[in-house]
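Scroll down for the structure; my scribbles are underneath it.
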Amino acid sequence: MATVAAAGQSATVRVARDLPYVTGARDPGGKDTLDLYLPEGRTNVPVIVSFYGGGLTAGDKAGQVFIGQRFAAAGIATAVVNYRLSPGIRHPAHIQDAAASFAWVKRHIGEYGGNADQVFVIGHSAGAYLAALLATDERYLAAQGLTLAAIRGVVPVSAFYWVEKTGVAPDRDKRIWGTERETWIDASPAHHLSARVPPMLLLYADGDDAWRRQQNVEAAAALTAAGASKVAIVMLPGRTHNSIWSRIADPDDEAATRIVRFVTSMAASSSR
């Protein structure tokens, strides 16, 4: 386990790398592992599980160090997760990996100083889609022996919620979700909404594509209509689809500030 100083932050962050979150046969590319970023000397801290973007075809936790460092420096234990990618696999393997990694964190984070009752999920783009699907379609957590109540809150950043709509499956590599519209619908967070959905903060950029901005606005309305008790949506100005995530390590970044505020306030409210 390495100990490093977080750039631009006063806290020191411990890092535990390449922790396997599945048992049995290992993925040769390390896509079944995660890295933990932990605030030094702190215990019983809230926890974030983070999924990177990349269209479910690209990405690696090695490029997400800034995420782990930023939030651990703010006092939040952070798991930066690898998951398998298409075209090597297709849906539902990505979300099954997301569920397995979340379950591992729930069961083991106490060993690293985190509070297993305060585990949040965030993600960017396709990773935000996985975060949203994990928090809406309870089948994937159920396969891990968990319910939606295991998730304390969710922050999808520039996500999509309808896989069957323009901009998503109809316009992307069919090796991700296949070719059947029924599969696309079933793979969509928006088709699995209920009052059991955890508290959710939807963030998106004014520079996101129009179809993505529309999906975010419609998803927030659909969540509220489904009875989700705590739903908020914020469009961040002056950001592109990439910079809304890549600038999280910047001092006073609005996306980072809102995520930290959401996590800490939700954690505090449940401890009263």
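Simple scheme: letters A, B, ... for chains in structure tokens order, numbers from 1 for residues in each chain, numbers from 1 for ligands in the order shown.
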I want to know what sits within 7 Å of region 225-240 of chain A, based on only C-alpha atoms, with residues of the same chain fewer than 2 positions away left out; could you give that as a PyMOL selection string? chain A and resi 193-197+199-208+220-223+242-244
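Every protein or nucleic acid residue with an atom no more than 12 Å from Arg107 (chain A), counting only C-alpha atoms and leaving out same-chain residues fewer than 2 positions away, appears here: Tyr21, Ala100, Ser101, Phe102, Ala103, Trp104, Val105, Ile109, Gly110, Glu111, Tyr112, Gly114, Asn115, Ala116, Asp117, Val119, Gln144, Gly145, Leu146 and Ala150 of chain A.
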What would the file look like if the residues just selected were written as a compact mmCIF listing (two decimals), in the first residue's frame with all heavy atoms?
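Result file is again-v4.txt:
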```
# COMPACT_ATOMS: atom_id res chain seq x y z
N TYR A 21 -11.75 -8.06 -7.09
CA TYR A 21 -13.08 -8.04 -6.50
C TYR A 21 -13.93 -9.25 -6.91
O TYR A 21 -15.10 -9.32 -6.56
CB TYR A 21 -13.80 -6.73 -6.80
CG TYR A 21 -14.03 -6.40 -8.26
CD1 TYR A 21 -15.06 -6.98 -9.00
CD2 TYR A 21 -13.24 -5.43 -8.90
CE1 TYR A 21 -15.29 -6.66 -10.32
CE2 TYR A 21 -13.46 -5.09 -10.23
CZ TYR A 21 -14.48 -5.70 -10.94
OH TYR A 21 -14.71 -5.37 -12.25
N ALA A 100 -20.44 -6.53 -8.88
CA ALA A 100 -19.47 -7.33 -8.12
C ALA A 100 -18.48 -6.43 -7.39
O ALA A 100 -18.12 -6.69 -6.23
CB ALA A 100 -18.73 -8.29 -9.04
N SER A 101 -18.03 -5.37 -8.04
CA SER A 101 -17.08 -4.46 -7.40
C SER A 101 -17.73 -3.72 -6.24
O SER A 101 -17.13 -3.54 -5.17
CB SER A 101 -16.51 -3.47 -8.42
OG SER A 101 -17.50 -2.60 -8.93
N PHE A 102 -18.97 -3.28 -6.44
CA PHE A 102 -19.69 -2.60 -5.37
C PHE A 102 -19.86 -3.54 -4.17
O PHE A 102 -19.64 -3.15 -3.02
CB PHE A 102 -21.05 -2.12 -5.85
CG PHE A 102 -21.86 -1.45 -4.78
CD1 PHE A 102 -21.73 -0.09 -4.54
CD2 PHE A 102 -22.75 -2.17 -4.00
CE1 PHE A 102 -22.45 0.53 -3.54
CE2 PHE A 102 -23.49 -1.57 -3.01
CZ PHE A 102 -23.35 -0.21 -2.76
N ALA A 103 -20.24 -4.79 -4.43
CA ALA A 103 -20.44 -5.76 -3.35
C ALA A 103 -19.13 -6.01 -2.60
O ALA A 103 -19.13 -6.12 -1.36
CB ALA A 103 -20.99 -7.06 -3.91
N TRP A 104 -18.02 -6.07 -3.32
CA TRP A 104 -16.72 -6.26 -2.66
C TRP A 104 -16.44 -5.09 -1.72
O TRP A 104 -15.99 -5.29 -0.58
CB TRP A 104 -15.62 -6.40 -3.69
CG TRP A 104 -14.28 -6.75 -3.08
CD1 TRP A 104 -13.75 -8.00 -2.93
CD2 TRP A 104 -13.33 -5.84 -2.52
NE1 TRP A 104 -12.53 -7.92 -2.31
CE2 TRP A 104 -12.25 -6.61 -2.04
CE3 TRP A 104 -13.29 -4.45 -2.37
CZ2 TRP A 104 -11.13 -6.03 -1.42
CZ3 TRP A 104 -12.19 -3.87 -1.74
CH2 TRP A 104 -11.13 -4.65 -1.28
N VAL A 105 -16.69 -3.88 -2.20
CA VAL A 105 -16.45 -2.71 -1.36
C VAL A 105 -17.33 -2.75 -0.11
O VAL A 105 -16.86 -2.50 1.01
CB VAL A 105 -16.68 -1.41 -2.16
CG1 VAL A 105 -16.65 -0.19 -1.24
CG2 VAL A 105 -15.63 -1.27 -3.25
N ILE A 109 -14.72 -2.78 2.86
CA ILE A 109 -14.21 -1.42 3.09
C ILE A 109 -13.98 -1.13 4.56
O ILE A 109 -13.13 -0.30 4.91
CB ILE A 109 -15.16 -0.36 2.44
CG1 ILE A 109 -14.42 0.98 2.30
CG2 ILE A 109 -16.45 -0.20 3.26
CD1 ILE A 109 -13.21 0.93 1.39
N GLY A 110 -14.70 -1.82 5.45
CA GLY A 110 -14.46 -1.63 6.87
C GLY A 110 -13.05 -1.98 7.28
O GLY A 110 -12.51 -1.41 8.25
N GLU A 111 -12.42 -2.90 6.54
CA GLU A 111 -11.04 -3.29 6.83
C GLU A 111 -10.06 -2.17 6.50
O GLU A 111 -8.91 -2.19 6.94
CB GLU A 111 -10.68 -4.54 6.03
CG GLU A 111 -11.59 -5.73 6.27
CD GLU A 111 -11.46 -6.79 5.19
OE1 GLU A 111 -10.42 -6.80 4.49
OE2 GLU A 111 -12.40 -7.59 5.02
N TYR A 112 -10.52 -1.20 5.72
CA TYR A 112 -9.66 -0.10 5.27
C TYR A 112 -10.09 1.25 5.85
O TYR A 112 -9.59 2.29 5.41
CB TYR A 112 -9.68 -0.03 3.74
CG TYR A 112 -9.11 -1.25 3.07
CD1 TYR A 112 -9.92 -2.35 2.77
CD2 TYR A 112 -7.76 -1.31 2.71
CE1 TYR A 112 -9.41 -3.48 2.15
CE2 TYR A 112 -7.24 -2.43 2.08
CZ TYR A 112 -8.06 -3.51 1.81
OH TYR A 112 -7.53 -4.63 1.19
N GLY A 114 -13.31 2.49 5.97
CA GLY A 114 -14.54 3.05 5.41
C GLY A 114 -15.77 2.55 6.14
O GLY A 114 -15.75 1.51 6.81
N ASN A 115 -16.85 3.29 6.02
CA ASN A 115 -18.14 2.94 6.62
C ASN A 115 -18.98 2.21 5.58
O ASN A 115 -19.44 2.82 4.60
CB ASN A 115 -18.84 4.20 7.10
CG ASN A 115 -20.13 3.91 7.85
OD1 ASN A 115 -20.73 2.85 7.71
ND2 ASN A 115 -20.58 4.87 8.65
N ALA A 116 -19.22 0.93 5.79
CA ALA A 116 -19.95 0.12 4.80
C ALA A 116 -21.41 0.52 4.68
O ALA A 116 -22.08 0.12 3.72
CB ALA A 116 -19.84 -1.36 5.16
N ASP A 117 -21.91 1.30 5.62
CA ASP A 117 -23.30 1.78 5.54
C ASP A 117 -23.40 3.09 4.77
O ASP A 117 -24.51 3.61 4.59
CB ASP A 117 -23.88 1.98 6.95
CG ASP A 117 -24.03 0.66 7.69
OD1 ASP A 117 -24.31 -0.36 7.03
OD2 ASP A 117 -23.86 0.66 8.93
N VAL A 119 -21.92 3.88 1.47
CA VAL A 119 -21.23 3.67 0.20
C VAL A 119 -22.05 4.32 -0.92
O VAL A 119 -23.21 3.98 -1.14
CB VAL A 119 -21.01 2.17 -0.09
CG1 VAL A 119 -20.23 2.00 -1.40
CG2 VAL A 119 -20.26 1.51 1.07
N GLN A 144 -25.75 -10.35 -6.10
CA GLN A 144 -24.66 -10.26 -5.13
C GLN A 144 -25.17 -10.34 -3.69
O GLN A 144 -24.43 -10.09 -2.74
CB GLN A 144 -23.89 -8.96 -5.33
CG GLN A 144 -23.23 -8.81 -6.69
CD GLN A 144 -22.10 -9.80 -6.88
OE1 GLN A 144 -21.41 -10.16 -5.93
NE2 GLN A 144 -21.88 -10.22 -8.12
N GLY A 145 -26.46 -10.64 -3.53
CA GLY A 145 -27.04 -10.72 -2.20
C GLY A 145 -27.34 -9.38 -1.57
O GLY A 145 -27.47 -9.28 -0.34
N LEU A 146 -27.49 -8.33 -2.39
CA LEU A 146 -27.74 -6.98 -1.89
C LEU A 146 -29.02 -6.42 -2.50
O LEU A 146 -29.56 -6.96 -3.47
CB LEU A 146 -26.57 -6.06 -2.24
CG LEU A 146 -25.20 -6.43 -1.65
CD1 LEU A 146 -24.11 -5.55 -2.25
CD2 LEU A 146 -25.21 -6.30 -0.12
N ALA A 150 -28.56 -0.81 -0.34
CA ALA A 150 -27.13 -0.86 -0.04
C ALA A 150 -26.40 0.37 -0.57
O ALA A 150 -25.31 0.70 -0.10
CB ALA A 150 -26.51 -2.11 -0.64
```
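Atom to atom, CA of Leu56 (chain A) and CA of Gly30 (chain A) stand 15.6 Å apart.
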Could you give me, as a PyMOL selection string, the residues within 10 Å of Ser270 (chain A), counting only C-alpha atoms and dropping anything in the same chain fewer than 3 positions from it? chain A and resi 117-118+152+265-267
Please provide as a PDB file with N, CA and C atoms, in the first residue's frame all residues within 7 Å of Ala72 (chain A), with the sequence filter that same-chain residues fewer than 4 positions apart are discarded (counting only C-alpha atoms).
```
ATOM      1  N   VAL A  13      -2.994  10.679   1.358  1.00  0.00           N
ATOM      2  CA  VAL A  13      -3.844   9.607   0.836  1.00  0.00           C
ATOM      3  C   VAL A  13      -3.032   8.323   0.744  1.00  0.00           C
ATOM      4  N   TYR A  37      -8.348   4.455  -2.597  1.00  0.00           N
ATOM      5  CA  TYR A  37      -7.691   5.677  -2.152  1.00  0.00           C
ATOM      6  C   TYR A  37      -8.312   6.040  -0.810  1.00  0.00           C
ATOM      7  N   LEU A  38      -7.458   6.125   0.225  1.00  0.00           N
ATOM      8  CA  LEU A  38      -7.950   6.193   1.595  1.00  0.00           C
ATOM      9  C   LEU A  38      -7.362   7.391   2.326  1.00  0.00           C
ATOM     10  N   PRO A  39      -8.203   8.194   2.992  1.00  0.00           N
ATOM     11  CA  PRO A  39      -7.678   9.321   3.764  1.00  0.00           C
ATOM     12  C   PRO A  39      -6.869   8.823   4.956  1.00  0.00           C
ATOM     13  N   GLY A  68      -9.502   9.335  -7.442  1.00  0.00           N
ATOM     14  CA  GLY A  68      -9.219   8.782  -6.134  1.00  0.00           C
ATOM     15  C   GLY A  68      -8.543   9.779  -5.211  1.00  0.00           C
ATOM     16  N   ILE A  76     -13.035  11.149   1.916  1.00  0.00           N
ATOM     17  CA  ILE A  76     -13.946  10.114   1.416  1.00  0.00           C
ATOM     18  C   ILE A  76     -13.115   8.976   0.827  1.00  0.00           C
ATOM     19  N   ALA A  77     -13.223   7.796   1.405  1.00  0.00           N
ATOM     20  CA  ALA A  77     -12.543   6.642   0.815  1.00  0.00           C
ATOM     21  C   ALA A  77     -13.110   6.403  -0.578  1.00  0.00           C
ATOM     22  N   THR A  78     -12.242   6.148  -1.535  1.00  0.00           N
ATOM     23  CA  THR A  78     -12.690   6.066  -2.930  1.00  0.00           C
ATOM     24  C   THR A  78     -12.138   4.820  -3.606  1.00  0.00           C
TER      25      THR A  78
END
```
